[in-house]
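The structure under discussion appears below in the form of structure tokens.
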Number of protein chains: 2
Amino acid sequence: MVDPRWEATLDRILELTVVLSRDMDEELERMGLTGSRAHLVWELERRGPSKQQALAEALGVSPRTITALVDGLVATGFVTREPHPTDRRATQVTFTTQGRAAAKALVDGHRELASQLFAEVPADRLECFDEVLAGLLARLREISARA
Amino acid sequence: MVDPRWEATLDRILELTVVLSRDMDEELERMGLTGSRAHLVWELERRGPSKQQALAEALGVSPRTITALVDGLVATGFVTREPHPTDRRATQVTFTTQGRAAAKALVDGHRELASQLFAEVPADRLECFDEVLAGLLARLREISARA
DNA sequence: TATTGTTATACTCTATAACTATA
DNA sequence: TATAGTTATAGAGTATAACAATA
């Protein structure tokens with residue numbers, strides 16, 4: 001059994017996730033992206049031009065969902081569908097100029113957020129935080145795998 | 001400027017949110033709830049029988065969305081719509097027996113998760129973690145308010 | 001036969017705007 | 001005139017199943 005006051009810690013974690021995702025969604029909306037589409041953009045940046053199938057696996061969603069997400073990103077000018085060079089069944093999703101700029105903005109925004117968020121935390125405190133955090137993440141994966 | 005390795009800390013926070021919400025959603029699905037409906041159930045437990053208007057404010061969504069959520073919860077047997085005792089324009093959302101049991105399960109599950117998650121973390125480490133966490137949350141609210 | 005992506009269909013969450021009933 | 005909730009409509013994310021084209 002655990003000291004019940006740590007329930008408040010879980011509450012804080014939960015609230016952090018809420019505030020964080022609300023903020024990120026607002027930022028993304030200003031760029032003309034949604035959370036899911038930004039996730040696809042992020043993965044496309046990491047992988048380079050990709051088959052939809054590969055993106056489906058990377059995002060952990062169905063092929064049907066990728067069709068919808070790519071439809072949206074094509075309509076708003078972030079990516080294009082090109083014929084795949086070697087497999088005529090497949091399409092290759094590639095960035096437009098706008099899409100590449102958006103991907104860069106995502107990467108920069110991530111760095112910027114880390115900077116703003118941690119700027120005033122002393123290094124030794126942050127180190128402690130990070131170590132416990134890593135442990136919690138591992139623990140959560142255990143719990144998750146067992147369920 | 002901040003040590004760039006703390007970007008990995010932000011990544012861990014983000015990943016924690018992903019794993020946490022995936023796990024919670026699976027648990028909720030086993031109970032026949034979605035995340036949004038569970039949120040309504042949680043608030044209804046805190047407030048007791050409520051007008052939809054009050055729930056809309058509590059969840060931060062539109063009245064239209066509350067109509068949809070309550071429709072879903074009525075259809076799946078968690079709540080009922082009763083006439084409001086003093087305002088004939090309003091409806092009062094109240095738990096069924098099943099709904100009350102679900103609310104209790106949510107509260108218990110929250111406690112249980114905190115227990116499992118923090119069980120093996122030494123108290124002094126957790127204290128450090130919690131203090132930094134509280135600071136980050138406050139910092140994030142500042143950033144959020146300024147934007 | 002297996003894989004890639006699409007069409008068809010459906011459910012959930014969310015919103016705005018117009019409308020009804022009541023205050 | 002203002003408030004509570006609904007209907008109408010719409011966009012986004014998600015899924016399964018059936019299907020076409022290609023491997």
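Residues are referred to by chain and number: the chain letter is A, B, ... according to the order shown in the structure tokens, the number counts from 1 in that chain, and ligands are numbered separately from 1 in the order shown.
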
Proximal residues of chain D relative to chain A (only C-alpha atoms (C1' of nucleotides); 8 Å) as a ChimeraX atom specification: /D:13-15,21-23

Near-range 118-130 of chain B list (8 Å; only C-alpha atoms (C1' of nucleotides); drop same-chain fewer than 5 positions) as a list in words: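 In the requested form, the answer reads Met1, Val2, Trp6, Thr9, Arg125, Cys128, Phe129, Val132, Leu133 and Leu136 of chain A.
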
Shell of 9 Å around range 16-20 of chain C, only C-alpha atoms (C1' of nucleotides), local chain residues under 5 positions omitted, as an MDAnalysis selection string: chainID D and resid 6:8

Limited to all heavy atoms, could you put the picked residues into a file as a PDB file, in the first residue's frame?
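And here is the file that came out, selection.pdb:
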```pdb
ATOM      1  P    DT D   6     -31.424  17.525 -24.387  1.00  0.00           P
ATOM      2  OP1  DT D   6     -32.020  16.321 -23.797  1.00  0.00           O
ATOM      3  OP2  DT D   6     -29.963  17.664 -24.497  1.00  0.00           O
ATOM      4  O5'  DT D   6     -32.041  17.724 -25.845  1.00  0.00           O
ATOM      5  C5'  DT D   6     -33.435  17.963 -25.989  1.00  0.00           C
ATOM      6  C4'  DT D   6     -33.740  18.468 -27.377  1.00  0.00           C
ATOM      7  O4'  DT D   6     -33.171  19.795 -27.515  1.00  0.00           O
ATOM      8  C3'  DT D   6     -33.106  17.605 -28.460  1.00  0.00           C
ATOM      9  O3'  DT D   6     -34.120  17.050 -29.293  1.00  0.00           O
ATOM     10  C2'  DT D   6     -32.183  18.550 -29.212  1.00  0.00           C
ATOM     11  C1'  DT D   6     -32.653  19.928 -28.817  1.00  0.00           C
ATOM     12  N1   DT D   6     -31.531  20.900 -28.735  1.00  0.00           N
ATOM     13  C2   DT D   6     -31.492  21.937 -29.632  1.00  0.00           C
ATOM     14  O2   DT D   6     -32.322  22.097 -30.488  1.00  0.00           O
ATOM     15  N3   DT D   6     -30.418  22.779 -29.470  1.00  0.00           N
ATOM     16  C4   DT D   6     -29.406  22.695 -28.532  1.00  0.00           C
ATOM     17  O4   DT D   6     -28.504  23.511 -28.485  1.00  0.00           O
ATOM     18  C5   DT D   6     -29.520  21.580 -27.634  1.00  0.00           C
ATOM     19  C7   DT D   6     -28.486  21.370 -26.560  1.00  0.00           C
ATOM     20  C6   DT D   6     -30.561  20.743 -27.764  1.00  0.00           C
ATOM     21  P    DT D   7     -33.722  15.984 -30.450  1.00  0.00           P
ATOM     22  OP1  DT D   7     -34.768  14.946 -30.429  1.00  0.00           O
ATOM     23  OP2  DT D   7     -32.298  15.619 -30.304  1.00  0.00           O
ATOM     24  O5'  DT D   7     -33.817  16.809 -31.824  1.00  0.00           O
ATOM     25  C5'  DT D   7     -34.853  17.746 -32.085  1.00  0.00           C
ATOM     26  C4'  DT D   7     -34.540  18.507 -33.374  1.00  0.00           C
ATOM     27  O4'  DT D   7     -33.592  19.568 -33.093  1.00  0.00           O
ATOM     28  C3'  DT D   7     -33.902  17.675 -34.493  1.00  0.00           C
ATOM     29  O3'  DT D   7     -34.457  18.079 -35.739  1.00  0.00           O
ATOM     30  C2'  DT D   7     -32.422  18.018 -34.399  1.00  0.00           C
ATOM     31  C1'  DT D   7     -32.486  19.472 -33.965  1.00  0.00           C
ATOM     32  N1   DT D   7     -31.304  19.938 -33.198  1.00  0.00           N
ATOM     33  C2   DT D   7     -30.696  21.119 -33.552  1.00  0.00           C
ATOM     34  O2   DT D   7     -31.064  21.814 -34.484  1.00  0.00           O
ATOM     35  N3   DT D   7     -29.619  21.464 -32.772  1.00  0.00           N
ATOM     36  C4   DT D   7     -29.106  20.771 -31.703  1.00  0.00           C
ATOM     37  O4   DT D   7     -28.152  21.190 -31.084  1.00  0.00           O
ATOM     38  C5   DT D   7     -29.792  19.538 -31.393  1.00  0.00           C
ATOM     39  C7   DT D   7     -29.315  18.696 -30.255  1.00  0.00           C
ATOM     40  C6   DT D   7     -30.833  19.189 -32.151  1.00  0.00           C
ATOM     41  P    DA D   8     -34.172  17.292 -37.132  1.00  0.00           P
ATOM     42  OP1  DA D   8     -35.423  17.300 -37.922  1.00  0.00           O
ATOM     43  OP2  DA D   8     -33.520  15.991 -36.838  1.00  0.00           O
ATOM     44  O5'  DA D   8     -33.101  18.241 -37.855  1.00  0.00           O
ATOM     45  C5'  DA D   8     -33.229  19.656 -37.810  1.00  0.00           C
ATOM     46  C4'  DA D   8     -32.080  20.299 -38.601  1.00  0.00           C
ATOM     47  O4'  DA D   8     -31.058  20.773 -37.684  1.00  0.00           O
ATOM     48  C3'  DA D   8     -31.377  19.354 -39.578  1.00  0.00           C
ATOM     49  O3'  DA D   8     -31.151  20.050 -40.797  1.00  0.00           O
ATOM     50  C2'  DA D   8     -30.072  19.002 -38.863  1.00  0.00           C
ATOM     51  C1'  DA D   8     -29.790  20.279 -38.084  1.00  0.00           C
ATOM     52  N9   DA D   8     -28.983  20.073 -36.878  1.00  0.00           N
ATOM     53  C8   DA D   8     -29.115  19.074 -35.954  1.00  0.00           C
ATOM     54  N7   DA D   8     -28.263  19.154 -34.959  1.00  0.00           N
ATOM     55  C5   DA D   8     -27.521  20.283 -35.243  1.00  0.00           C
ATOM     56  C6   DA D   8     -26.457  20.909 -34.572  1.00  0.00           C
ATOM     57  N6   DA D   8     -25.942  20.473 -33.430  1.00  0.00           N
ATOM     58  N1   DA D   8     -25.938  22.031 -35.130  1.00  0.00           N
ATOM     59  C2   DA D   8     -26.458  22.475 -36.284  1.00  0.00           C
ATOM     60  N3   DA D   8     -27.452  21.974 -36.998  1.00  0.00           N
ATOM     61  C4   DA D   8     -27.948  20.871 -36.417  1.00  0.00           C
TER      62       DA D   8
END
```

Picked from range 16-134 of chain B by DSSP as alpha helix (DSSP H), as a VMD selection string: chain B and resid 16 to 31 35 to 47 52 to 59 63 to 75 97 to 118 123 to 134

Interface residues on chain C facing chain A, 10 Å, only C-alpha atoms (C1' of nucleotides), written as a PyMOL selection string: chain C and resi 3-6

Residue set, chain A restricted to strand (DSSP E or B), as a list in words: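 Answer for chain A, restricted to strand (DSSP E or B): Ser50, Lys51, Val79, Thr80, Arg81, Glu82, Pro83, Thr91, Gln92, Val93, Thr94 and Phe95 of chain A.
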
Please identify every residue of chain A that has at least one atom no farther than 6 Å from an atom of chain B, counting only C-alpha atoms, and for each give the shortest atom pair and the distance in Å to one decimal, arranged by chain then increasing number, as a tab-separated table.
```
residue	atom	partner	partner_atom	distance
A:Val2	CA	B:Ser115	CA	5.5
A:Glu7	CA	B:Ala114	CA	5.7
A:Leu16	CA	B:Leu137	CA	5.9
A:Thr17	CA	B:Thr17	CA	5.7
A:Ala114	CA	B:Glu7	CA	5.7
A:Ser115	CA	B:Val2	CA	5.5
A:Phe129	CA	B:Phe129	CA	4.7
A:Leu137	CA	B:Leu16	CA	5.9
```

For Phe95 in chain A: contacts at 10 Å, only C-alpha atoms (C1' of nucleotides), fewer than 3 positions along chain excluded, given as a ChimeraX atom specification: /A:41,44-45,48-49,73-74,77-81,98-103

Can you write just those residues out, N, CA, C and O atoms, as a CSV table (one decimal), in the first residue's frame?
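Output below, filename again-v3.csv:
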```csv
chain,number,residue,atom,x,y,z
A,41,VAL,N,3.0,13.9,-39.9
A,41,VAL,CA,4.0,14.8,-40.4
A,41,VAL,C,5.3,14.5,-39.7
A,41,VAL,O,6.4,14.4,-40.3
A,44,LEU,N,6.8,11.3,-40.9
A,44,LEU,CA,7.2,11.4,-42.3
A,44,LEU,C,8.6,12.2,-42.3
A,44,LEU,O,9.4,11.8,-43.1
A,45,GLU,N,8.7,13.1,-41.4
A,45,GLU,CA,10.0,13.8,-41.3
A,45,GLU,C,11.1,12.8,-40.9
A,45,GLU,O,12.2,12.9,-41.4
A,48,GLY,N,11.3,10.0,-44.0
A,48,GLY,CA,11.4,10.4,-45.4
A,48,GLY,C,10.2,9.8,-46.2
A,48,GLY,O,9.4,9.1,-45.6
A,49,PRO,N,10.1,10.0,-47.5
A,49,PRO,CA,9.0,9.6,-48.3
A,49,PRO,C,8.6,8.1,-48.0
A,49,PRO,O,9.5,7.2,-47.9
A,73,LEU,N,-4.2,15.9,-45.4
A,73,LEU,CA,-2.9,16.6,-45.6
A,73,LEU,C,-2.7,17.1,-47.0
A,73,LEU,O,-2.1,18.1,-47.3
A,74,VAL,N,-3.2,16.2,-48.0
A,74,VAL,CA,-3.1,16.6,-49.4
A,74,VAL,C,-4.0,17.8,-49.6
A,74,VAL,O,-3.6,18.8,-50.2
A,77,GLY,N,-2.5,20.9,-48.4
A,77,GLY,CA,-1.2,21.3,-49.0
A,77,GLY,C,0.1,20.9,-48.3
A,77,GLY,O,1.1,21.4,-48.6
A,78,PHE,N,0.0,20.0,-47.4
A,78,PHE,CA,1.3,19.6,-46.7
A,78,PHE,C,2.0,18.4,-47.4
A,78,PHE,O,3.2,18.4,-47.2
A,79,VAL,N,1.3,17.5,-48.0
A,79,VAL,CA,2.0,16.4,-48.7
A,79,VAL,C,1.3,16.1,-50.0
A,79,VAL,O,0.3,16.7,-50.4
A,80,THR,N,2.0,15.3,-50.8
A,80,THR,CA,1.4,14.8,-52.1
A,80,THR,C,1.5,13.3,-52.1
A,80,THR,O,2.4,12.7,-51.4
A,81,ARG,N,0.7,12.7,-52.9
A,81,ARG,CA,0.8,11.3,-53.2
A,81,ARG,C,1.5,11.1,-54.5
A,81,ARG,O,1.1,11.6,-55.5
A,98,GLN,N,5.6,23.5,-48.2
A,98,GLN,CA,4.9,23.8,-47.0
A,98,GLN,C,5.0,22.7,-45.9
A,98,GLN,O,5.2,23.0,-44.8
A,99,GLY,N,4.9,21.5,-46.4
A,99,GLY,CA,4.9,20.4,-45.4
A,99,GLY,C,6.3,20.3,-44.8
A,99,GLY,O,6.4,20.0,-43.6
A,100,ARG,N,7.3,20.5,-45.6
A,100,ARG,CA,8.7,20.4,-45.0
A,100,ARG,C,8.9,21.5,-44.0
A,100,ARG,O,9.5,21.3,-42.9
A,101,ALA,N,8.4,22.7,-44.3
A,101,ALA,CA,8.5,23.8,-43.4
A,101,ALA,C,7.7,23.5,-42.1
A,101,ALA,O,8.2,23.8,-41.0
A,102,ALA,N,6.6,22.9,-42.2
A,102,ALA,CA,5.8,22.6,-41.0
A,102,ALA,C,6.5,21.6,-40.2
A,102,ALA,O,6.5,21.7,-38.9
A,103,ALA,N,7.1,20.6,-40.8
A,103,ALA,CA,7.9,19.6,-40.1
A,103,ALA,C,9.0,20.2,-39.3
A,103,ALA,O,9.3,19.9,-38.1
```

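Minimum atom-to-atom distance to DA12 in chain D, evaluated using only C-alpha atoms (C1' of nucleotides), belongs to A:Arg37 out of A:Arg37, A:His84, A:Trp42, A:Leu28.
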
Who sits within 8 Å of Glu82 in chain B, only C-alpha atoms (C1' of nucleotides), same chain under 5 positions skipped, as a PyMOL selection string: chain B and resi 91-94

Coordinates-based distance that separates CA of Glu57 in chain B from CA of Val70 in chain B (Å, one decimal):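 CA of Val70 in chain B sits 14.3 Å away from CA of Glu57 in chain B.
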